[in-house]
Each structure stands twice: as C-alpha cells, then as structure tokens.
file data_19.csv (CSV, C-alpha atoms)
chain,number,residue,atom,x,y,z
A,781,MET,CA,0.0,0.0,0.0
A,782,GLU,CA,2.9,2.4,0.7
A,783,ASP,CA,4.2,1.8,-2.8
A,784,TYR,CA,0.8,2.5,-4.3
A,785,ALA,CA,0.5,5.7,-2.2
A,786,THR,CA,4.0,6.8,-3.3
A,787,LEU,CA,3.2,6.1,-7.0
A,788,LEU,CA,-0.1,8.1,-6.8
A,789,GLY,CA,1.5,10.9,-4.7
A,790,PHE,CA,2.7,14.3,-5.7
A,791,GLY,CA,6.4,15.1,-6.1
A,792,PRO,CA,9.3,13.5,-7.9
A,793,GLN,CA,8.5,9.9,-6.7
A,794,GLY,CA,4.8,9.9,-7.7
A,795,TRP,CA,2.6,10.5,-10.7
A,796,GLY,CA,0.0,12.7,-8.9
A,797,ASP,CA,1.2,15.9,-10.6
A,798,GLN,CA,0.8,14.4,-14.1
A,799,ILE,CA,-2.5,12.9,-13.4
A,800,ALA,CA,-3.8,16.2,-11.9
A,801,SER,CA,-2.6,17.9,-15.0
A,802,GLY,CA,-4.5,15.4,-17.1
A,803,VAL,CA,-7.7,16.0,-15.1
A,804,ALA,CA,-7.3,19.7,-15.8
A,805,ILE,CA,-6.9,19.1,-19.5
A,806,THR,CA,-9.9,16.8,-19.6
A,807,VAL,CA,-12.2,19.1,-17.8
A,808,SER,CA,-10.9,22.2,-19.7
A,809,LEU,CA,-11.6,20.4,-23.1
A,810,ALA,CA,-15.1,19.4,-22.1
A,811,LEU,CA,-16.0,22.8,-20.8
A,812,ALA,CA,-14.5,24.5,-23.9
A,813,THR,CA,-16.4,22.1,-26.2
A,814,LEU,CA,-19.8,22.5,-24.4
A,815,PRO,CA,-20.7,26.1,-25.5
A,816,ILE,CA,-19.6,25.4,-29.0
A,817,GLY,CA,-21.6,22.2,-29.2
A,818,LEU,CA,-24.7,23.9,-27.6
A,819,LEU,CA,-24.6,26.9,-30.0
A,820,ALA,CA,-24.0,24.8,-33.1
A,821,GLY,CA,-26.7,22.3,-32.0
A,822,PHE,CA,-29.2,25.1,-31.4
A,823,LEU,CA,-28.5,26.6,-34.9
A,824,VAL,CA,-28.7,23.2,-36.6
A,825,ALA,CA,-32.1,22.6,-34.8
A,826,LEU,CA,-33.3,26.0,-36.1
A,827,ALA,CA,-32.1,25.1,-39.6
A,828,LYS,CA,-34.0,21.8,-39.5
A,829,ARG,CA,-37.2,23.7,-38.4
A,830,SER,CA,-36.8,26.3,-41.1
A,831,PRO,CA,-39.4,26.7,-43.9
A,832,GLU,CA,-36.4,27.0,-46.3
A,833,PRO,CA,-35.8,23.5,-47.8
A,834,SER,CA,-32.1,24.1,-48.4
A,835,LEU,CA,-31.6,24.9,-44.7
A,836,ARG,CA,-33.5,21.8,-43.7
A,837,LEU,CA,-31.4,19.7,-46.1
A,838,ALA,CA,-28.2,21.2,-44.8
A,839,GLY,CA,-29.2,20.5,-41.2
A,840,ASN,CA,-30.2,16.9,-41.9
A,841,ILE,CA,-26.9,16.3,-43.8
A,842,TYR,CA,-24.9,17.7,-40.9
A,843,THR,CA,-26.6,15.5,-38.3
A,844,THR,CA,-26.5,12.4,-40.5
A,845,ILE,CA,-22.7,12.8,-41.1
A,846,PHE,CA,-21.6,13.5,-37.5
A,847,ARG,CA,-24.0,11.0,-35.9
A,848,GLY,CA,-23.1,8.3,-38.4
A,849,LEU,CA,-19.3,8.6,-38.2
A,850,PRO,CA,-17.4,7.1,-35.2
A,851,GLU,CA,-16.1,9.8,-32.9
A,852,LEU,CA,-12.5,8.6,-33.3
A,853,LEU,CA,-12.7,8.8,-37.1
A,854,THR,CA,-14.1,12.4,-36.8
A,855,LEU,CA,-11.2,13.3,-34.6
A,856,PHE,CA,-8.7,11.9,-37.1
A,857,LEU,CA,-10.4,13.7,-40.0
A,858,VAL,CA,-10.2,17.0,-38.1
A,859,PHE,CA,-6.6,16.6,-36.8
A,860,TYR,CA,-5.0,15.0,-39.8
A,861,GLY,CA,-7.4,15.8,-42.7
A,862,ALA,CA,-8.0,19.4,-41.9
A,863,GLN,CA,-4.3,19.9,-41.4
A,864,ILE,CA,-3.4,18.5,-44.8
A,865,GLY,CA,-6.2,20.5,-46.4
A,866,LEU,CA,-5.0,23.8,-44.9
A,867,GLN,CA,-1.4,23.1,-45.9
A,868,GLN,CA,-2.5,22.5,-49.5
A,869,VAL,CA,-4.3,25.9,-49.5
A,870,LEU,CA,-1.3,27.6,-48.0
A,871,HIS,CA,1.0,26.1,-50.5
A,872,LEU,CA,-1.0,27.9,-53.3
A,873,PHE,CA,0.3,31.2,-51.8
A,874,ASP,CA,3.6,30.1,-50.2
A,875,PRO,CA,5.1,26.8,-51.1
A,876,GLU,CA,7.3,26.9,-48.0
A,877,ALA,CA,4.4,27.6,-45.6
A,878,SER,CA,3.3,25.0,-43.1
A,879,ILE,CA,0.6,24.7,-40.5
A,880,GLU,CA,0.0,22.5,-37.5
A,881,ILE,CA,-3.3,22.1,-35.8
A,882,ASN,CA,-3.2,22.1,-32.0
A,883,SER,CA,-4.5,18.8,-30.6
A,884,PHE,CA,-6.6,20.6,-28.0
A,885,VAL,CA,-8.3,22.7,-30.8
A,886,ALA,CA,-8.7,19.6,-33.0
A,887,GLY,CA,-10.4,17.7,-30.1
A,888,MET,CA,-12.6,20.7,-29.3
A,889,VAL,CA,-13.8,21.0,-33.0
A,890,ALA,CA,-14.3,17.2,-33.5
A,891,LEU,CA,-16.1,16.6,-30.2
A,892,GLY,CA,-18.1,19.8,-30.7
A,893,ALA,CA,-19.3,18.7,-34.1
A,894,VAL,CA,-20.4,15.3,-32.7
A,895,PHE,CA,-22.0,16.9,-29.6
A,896,SER,CA,-23.9,19.5,-31.7
A,897,SER,CA,-25.3,16.8,-34.0
A,898,TYR,CA,-26.9,15.0,-31.0
A,899,ALA,CA,-27.8,18.3,-29.2
A,900,SER,CA,-29.7,19.4,-32.3
A,901,GLU,CA,-32.0,16.5,-32.0
A,902,VAL,CA,-32.6,17.2,-28.3
A,903,PHE,CA,-33.4,20.9,-29.1
A,904,LEU,CA,-35.6,19.8,-32.0
A,905,SER,CA,-37.6,17.5,-29.7
A,906,ALA,CA,-37.9,20.3,-27.2
A,907,PHE,CA,-39.2,22.7,-29.9
A,908,ARG,CA,-41.8,20.2,-30.9
A,909,ALA,CA,-42.9,19.9,-27.2
A,910,ILE,CA,-43.7,23.6,-27.0
A,911,PRO,CA,-47.4,24.2,-28.1
A,912,ALA,CA,-48.0,26.4,-31.1
A,913,GLY,CA,-50.2,28.5,-29.0
A,914,GLN,CA,-47.1,29.9,-27.2
A,915,TYR,CA,-46.0,31.4,-30.5
A,916,GLU,CA,-49.4,32.7,-31.4
A,917,GLY,CA,-49.9,34.3,-28.0
A,918,ALA,CA,-46.6,36.1,-28.2
A,919,TYR,CA,-47.3,37.4,-31.7
A,920,SER,CA,-50.7,38.5,-30.6
A,921,ILE,CA,-49.3,40.9,-28.0
A,922,GLY,CA,-46.9,42.4,-30.5
A,923,LEU,CA,-43.7,40.5,-29.9
A,924,THR,CA,-41.3,40.1,-32.8
A,925,ASN,CA,-39.8,36.8,-33.8
A,926,GLY,CA,-36.6,37.5,-31.9
A,927,GLN,CA,-38.5,38.6,-28.7
A,928,THR,CA,-40.7,35.6,-28.9
A,929,MET,CA,-37.7,33.3,-29.1
A,930,ARG,CA,-35.8,35.1,-26.3
A,931,LEU,CA,-38.6,35.8,-23.8
A,932,VAL,CA,-41.1,33.0,-24.4
A,933,ILE,CA,-39.6,30.0,-26.2
A,934,LEU,CA,-36.0,29.8,-24.9
A,935,PRO,CA,-37.0,29.6,-21.1
A,936,GLN,CA,-39.3,26.7,-21.9
A,937,LEU,CA,-36.8,25.1,-24.3
A,938,VAL,CA,-34.1,25.0,-21.7
A,939,ARG,CA,-36.3,23.3,-19.1
A,940,ILE,CA,-37.4,20.7,-21.6
A,941,ALA,CA,-34.0,20.0,-23.2
A,942,LEU,CA,-32.0,20.0,-20.0
A,943,PRO,CA,-32.3,16.3,-19.1
A,944,GLY,CA,-31.2,15.3,-22.6
A,945,LEU,CA,-28.4,17.8,-22.6
A,946,SER,CA,-27.1,16.5,-19.2
A,947,ASN,CA,-26.8,13.0,-20.7
A,948,LEU,CA,-24.9,14.4,-23.7
A,949,TRP,CA,-22.5,16.2,-21.3
A,950,LEU,CA,-21.7,12.9,-19.6
A,951,ILE,CA,-21.0,11.4,-23.0
A,952,LEU,CA,-18.8,14.3,-23.9
A,953,LEU,CA,-16.9,14.0,-20.7
A,954,LYS,CA,-16.1,10.3,-21.5
A,955,ASP,CA,-15.4,11.0,-25.2
A,956,THR,CA,-12.6,13.4,-24.2
A,957,ALA,CA,-10.5,10.2,-23.6
A,958,LEU,CA,-10.3,9.9,-27.4
A,959,VAL,CA,-7.9,12.9,-27.6
A,960,SER,CA,-5.2,10.8,-26.0
A,961,VAL,CA,-4.6,9.2,-29.4
A,962,ILE,CA,-3.5,12.5,-30.9
A,963,GLY,CA,-1.1,13.4,-28.2
A,964,LEU,CA,-3.2,15.5,-25.8
A,965,ALA,CA,-2.1,14.9,-22.2
A,966,ASP,CA,-5.5,14.1,-20.8
A,967,ILE,CA,-6.4,11.7,-18.0
A,968,LEU,CA,-6.1,8.5,-20.1
A,969,ARG,CA,-2.8,9.5,-21.7
A,970,GLN,CA,-1.2,10.4,-18.4
A,971,THR,CA,-2.3,7.3,-16.6
A,972,GLY,CA,-1.3,5.2,-19.6
A,973,ILE,CA,2.2,6.6,-19.6
A,974,ALA,CA,2.4,6.0,-15.8
A,975,ALA,CA,1.1,2.4,-16.3
A,976,ARG,CA,3.8,1.6,-18.9
A,977,VAL,CA,6.6,3.2,-17.0
A,978,THR,CA,5.8,1.6,-13.6
A,979,ARG,CA,4.2,-1.6,-15.0
A,980,GLN,CA,1.3,-1.0,-12.6
A,981,ALA,CA,-1.5,-1.0,-15.3
A,982,PHE,CA,-4.3,-2.0,-12.9
A,983,LEU,CA,-3.4,0.8,-10.4
A,984,PHE,CA,-3.3,3.6,-12.9
A,985,PHE,CA,-6.1,2.6,-15.2
A,986,GLY,CA,-8.2,1.9,-12.1
A,987,THR,CA,-7.4,5.4,-10.9
A,988,ALA,CA,-8.5,6.7,-14.3
A,989,CYS,CA,-11.8,4.9,-13.9
A,990,LEU,CA,-12.3,6.4,-10.4
A,991,ILE,CA,-11.5,9.9,-11.7
A,992,TYR,CA,-14.0,9.6,-14.6
A,993,LEU,CA,-16.7,8.2,-12.2
A,994,VAL,CA,-16.1,11.1,-9.7
A,995,LEU,CA,-16.4,13.6,-12.6
A,996,ALA,CA,-19.6,12.0,-13.7
A,997,ILE,CA,-21.1,12.0,-10.2
A,998,LEU,CA,-20.2,15.6,-9.7
A,999,SER,CA,-21.7,16.5,-13.0
A,1000,SER,CA,-24.9,14.7,-12.1
A,1001,PHE,CA,-25.2,16.6,-8.9
A,1002,ALA,CA,-24.6,19.9,-10.7
A,1003,PHE,CA,-27.2,19.2,-13.3
A,1004,THR,CA,-29.7,18.1,-10.7
A,1005,LEU,CA,-29.3,21.4,-9.0
A,1006,ILE,CA,-29.6,23.3,-12.3
A,1007,GLU,CA,-32.8,21.3,-13.1
A,1008,ARG,CA,-34.3,22.1,-9.7
A,1009,ARG,CA,-33.5,25.8,-10.1
A,1010,VAL,CA,-34.8,26.0,-13.6
A,1011,GLY,CA,-37.9,24.1,-12.6
A,1012,ARG,CA,-38.5,26.6,-9.8
A,1013,GLY,CA,-38.0,29.5,-12.1
A,1014,GLY,CA,-40.6,28.0,-14.5
A,1015,GLN,CA,-43.1,27.5,-11.7
A,1016,HIS,CA,-42.7,31.1,-10.6
A,1017,SER,CA,-43.2,32.4,-14.1

call {"tool": "encode", "arguments": {"input": "data_19.csv", "output": "structure tokens"}}
result
Amino acid sequence: MEDYATLLGFGPQGWGDQIASGVAITVSLALATLPIGLLAGFLVALAKRSPEPSLRLAGNIYTTIFRGLPELLTLFLVFYGAQIGLQQVLHLFDPEASIEINSFVAGMVALGAVFSSYASEVFLSAFRAIPAGQYEGAYSIGLTNGQTMRLVILPQLVRIALPGLSNLWLILLKDTALVSVIGLADILRQTGIAARVTRQAFLFFGTACLIYLVLAILSSFAFTLIERRVGRGGQHS
C-alpha cells in the first residue's frame, strides 16, 4: 500500500502531478467544447425547423454525417485531414508555408461537431414539445420573432431540453478520452504513460476509472441542482 501511495502521490516519486494535469486538460476540453456544441446544435435545430428547404437539407446532412461517423474517425479527420487541407491551401500562396493544428483545438472541434449533432435532436424535440399557442400568443401581443424566441420560447426550451443535454454532457466527458490518441495529455494518456513506466496498469487505469466516475457523479449533482433551479423558475413564471 505504501508503494501505491507513493506512485499516486505528488512530487518526484509519484505521478500525482501528471494525473492532476490530465484531469485539468480533460475538464478544460469538455468545458471548452460545451458552449460550441450547444450553440451549433441550437443553430442546426433552427435550420431543421426552417421553412427553407435548403436549410432543412443542410441540417439533416450535418446530423447524418456526424451522428453516423465514429467519434474517433471524426477526430482523425479534423486533426489530420484538416491539417493536410489547410497546408494545401497555404502552398498555393507560399510553397514553404506549413501549419500544424493544435491537438486541443482539434479535439474541441471534433467533439463539438459530434456533440452538436446530437444536441440538435434534443433541441428539435424540445421545440416540438412547445405548443404552437405559445408562438401565437406572443405574436398577438406584438412581440417580434426575436423577442418571442428570447422571452417565451427559450426559457421553456431550456427546461425541456436540460435532461437530454445533461446526458450528452456525460457522454462528452467520456469522449474526451479519445484525444489521447492525438497526443493531448489528458487523464487517459497520463495514466497510460504511468502504467507503462511503472508496470502498474491496474493501479493507474483503475485510478483513471475512479476519476471519470467522480467527474460523472459531480456532473450529475450539478445538473440536478440546475434542473431544480430552472424548474422553480418555470413555476414562478
């Protein structure tokens, strides 16, 4: 037990510093991806509800692609494919130019695209759950489309969509482990390095499991509080 405590401890003899750094990277990546995914998902949901056929088609194509591709393949396409594509474009102007996509940014874009494709379906279902009378009532008192969306629809949309979005957040938190394959020093990569160096695979991968479980439990508590608060706000209104 003393050896295990030393290996998991902080300082030169342990791997606690590296694992803590990996936790910070994992949480930072998930938090950075969340607003991008939510905004993109909301816009895609609006496109899929649009009376314009081209927007509906574009929204459906977007969700079909990113829901159909494996997350790891999407990550590779962004990290390697986008990098090659950008270099080809740069070479048109400067043959000596080169560009390298940051692994954190690549992870954020790839996971954000996948998250938004699923979030759009959650938002779309929430839109459908709001009675048409809500729109008609808002227009009848002189509210514009923007005011109706901001003052009437969005508060209800958040309450309806929140349970589904909380599940997507937990999936996003777990999917951040995929970025270890492109060199980002997240929880899985740091514990994997420690496991190979010390040959204590069960200890370090078990530690990674516990960390992800703790993050999931804390997230569940946070979303429960948010849902209660949003629910009380809806009752007051």

call {"tool": "closest_residue", "arguments": {"input": "data_19.csv", "among": "A:Gln936, A:Ser946, A:Ser808, A:Gln868", "to": "Val885 of chain A", "atoms": "all atoms listed in the file"}}
result
A:Ser808

call {"tool": "atom_distance", "arguments": {"input": "data_19.csv", "atom1": "atom CA of Pro935 of chain A", "atom2": "atom CA of Asp955 of chain A"}}
result
28.8 Å

call {"tool": "closest_residue", "arguments": {"input": "data_19.csv", "among": "A:Gly963, A:Gly794, A:Gly802, A:Pro815", "to": "Met888 of chain A", "atoms": "only C-alpha atoms"}}
result
A:Pro815

call {"tool": "axis_aligned_box", "arguments": {"input": "data_19.csv", "around": "segment 812-821 of chain A", "padding_each_side": "4 Å", "output": "lines of an AutoDock Vina configuration file"}}
result
center_x = -20.6
center_y = 24.5
center_z = -28.5
size_x = 20.2
size_y = 12.8
size_z = 17.2

call {"tool": "closest_atom_pairs", "arguments": {"input": "data_19.csv", "of": "segment 901-947 of chain A", "to": "segment 1004-1009 of chain A", "cutoff": "8 Å", "atoms": "all atoms listed in the file", "output": "CSV"}}
result
residue,atom,partner,partner_atom,distance
A:Arg939,CA,A:Glu1007,CA,7.2
A:Leu942,CA,A:Glu1007,CA,7.1
A:Pro943,CA,A:Glu1007,CA,7.8

call {"tool": "residues_around", "arguments": {"input": "data_19.csv", "residues": "Tyr784 of chain A", "least_positions_apart": "4", "cutoff": "9 Å", "atoms": "only C-alpha atoms", "output": "ChimeraX atom specification"}}
result
/A:788-789,983

call {"tool": "residues_around", "arguments": {"input": "data_19.csv", "residues": "Leu818 of chain A", "least_positions_apart": "5", "cutoff": "10 Å", "atoms": "all atoms listed in the file", "output": "list in words"}}
result
Thr813, Leu823, Val824, Gly892, Ala893, Phe895, Ser896, Ser897, Tyr898, Ala899, Ser900, Phe903 and Leu945 of chain A

call {"tool": "atom_distance", "arguments": {"input": "data_19.csv", "atom1": "atom CA of Trp949 of chain A", "atom2": "atom CA of Ile973 of chain A"}}
result
26.6 Å

call {"tool": "closest_residue", "arguments": {"input": "data_19.csv", "among": "A:Gly972, A:Gly944, A:Gly848, A:Gly887", "to": "Glu901 of chain A", "atoms": "all atoms listed in the file"}}
result
A:Gly944

call {"tool": "residues_near_point", "arguments": {"input": "data_19.csv", "point": "(-20.3, 15.2, -13.0)", "cutoff": "12 Å", "atoms": "all atoms listed in the file", "output": "VMD selection string"}}
result
chain A and resid 807 810 to 811 946 to 954 991 to 1005

call {"tool": "atom_distance", "arguments": {"input": "data_19.csv", "atom1": "atom CA of Thr854 of chain A", "atom2": "atom CA of Phe907 of chain A"}}
result
28.0 Å

call {"tool": "residues_around", "arguments": {"input": "data_19.csv", "residues": "Ile805 of chain A", "least_positions_apart": "6", "cutoff": "8 Å", "atoms": "all atoms listed in the file", "output": "number ranges by chain"}}
result
A: 965-967

call {"tool": "residues_around", "arguments": {"input": "data_19.csv", "residues": "Ala974 of chain A", "least_positions_apart": "5", "cutoff": "9 Å", "atoms": "only C-alpha atoms", "output": "list in words"}}
result
Leu787, Trp795, Gln798, Ile799, Arg969, Arg979, Gln980, Ala981 and Phe984 of chain A

call {"tool": "closest_residue", "arguments": {"input": "data_19.csv", "among": "A:Leu904, A:Ala912, A:Val961, A:Ile816", "to": "Tyr860 of chain A", "atoms": "all atoms listed in the file"}}
result
A:Val961

call {"tool": "closest_residue", "arguments": {"input": "data_19.csv", "among": "A:Thr987, A:Gln914, A:Thr843, A:Thr978", "to": "Asp783 of chain A", "atoms": "all atoms listed in the file"}}
result
A:Thr978

call {"tool": "decode", "arguments": {"input": "data_19.csv", "residues": "segment 891-906 of chain A", "atoms": "N, CA and C atoms", "output": "mmCIF file, in the first residue's frame"}}
result
data_model
loop_
_atom_site.group_PDB
_atom_site.id
_atom_site.type_symbol
_atom_site.label_atom_id
_atom_site.label_comp_id
_atom_site.auth_asym_id
_atom_site.auth_seq_id
_atom_site.Cartn_x
_atom_site.Cartn_y
_atom_site.Cartn_z
ATOM 1 N N LEU A 891 -15.090 16.978 -31.203
ATOM 2 C CA LEU A 891 -16.088 16.627 -30.197
ATOM 3 C C LEU A 891 -17.272 17.594 -30.237
ATOM 4 N N GLY A 892 -16.992 18.861 -30.552
ATOM 5 C CA GLY A 892 -18.073 19.838 -30.668
ATOM 6 C C GLY A 892 -19.018 19.503 -31.811
ATOM 7 N N ALA A 893 -18.457 19.026 -32.930
ATOM 8 C CA ALA A 893 -19.298 18.653 -34.073
ATOM 9 C C ALA A 893 -20.187 17.461 -33.724
ATOM 10 N N VAL A 894 -19.619 16.465 -33.056
ATOM 11 C CA VAL A 894 -20.401 15.287 -32.673
ATOM 12 C C VAL A 894 -21.462 15.680 -31.633
ATOM 13 N N PHE A 895 -21.043 16.444 -30.621
ATOM 14 C CA PHE A 895 -21.982 16.869 -29.575
ATOM 15 C C PHE A 895 -23.133 17.671 -30.182
ATOM 16 N N SER A 896 -22.817 18.594 -31.084
ATOM 17 C CA SER A 896 -23.858 19.452 -31.654
ATOM 18 C C SER A 896 -24.848 18.663 -32.497
ATOM 19 N N SER A 897 -24.379 17.599 -33.158
ATOM 20 C CA SER A 897 -25.296 16.807 -33.986
ATOM 21 C C SER A 897 -26.349 16.112 -33.122
ATOM 22 N N TYR A 898 -25.940 15.645 -31.950
ATOM 23 C CA TYR A 898 -26.905 15.028 -31.039
ATOM 24 C C TYR A 898 -27.726 16.086 -30.295
ATOM 25 N N ALA A 899 -27.068 17.183 -29.922
ATOM 26 C CA ALA A 899 -27.785 18.251 -29.223
ATOM 27 C C ALA A 899 -28.886 18.838 -30.095
ATOM 28 N N SER A 900 -28.652 18.881 -31.410
ATOM 29 C CA SER A 900 -29.673 19.430 -32.302
ATOM 30 C C SER A 900 -30.958 18.614 -32.235
ATOM 31 N N GLU A 901 -30.810 17.303 -32.079
ATOM 32 C CA GLU A 901 -32.005 16.452 -31.971
ATOM 33 C C GLU A 901 -32.733 16.691 -30.643
ATOM 34 N N VAL A 902 -31.962 16.932 -29.580
ATOM 35 C CA VAL A 902 -32.569 17.238 -28.284
ATOM 36 C C VAL A 902 -33.334 18.559 -28.371
ATOM 37 N N PHE A 903 -32.708 19.571 -28.973
ATOM 38 C CA PHE A 903 -33.376 20.868 -29.127
ATOM 39 C C PHE A 903 -34.599 20.737 -30.028
ATOM 40 N N LEU A 904 -34.481 19.949 -31.088
ATOM 41 C CA LEU A 904 -35.599 19.784 -32.013
ATOM 42 C C LEU A 904 -36.800 19.148 -31.315
ATOM 43 N N SER A 905 -36.530 18.144 -30.491
ATOM 44 C CA SER A 905 -37.615 17.516 -29.729
ATOM 45 C C SER A 905 -38.232 18.500 -28.742
ATOM 46 N N ALA A 906 -37.379 19.338 -28.140
ATOM 47 C CA ALA A 906 -37.889 20.335 -27.198
ATOM 48 C C ALA A 906 -38.759 21.366 -27.909
#
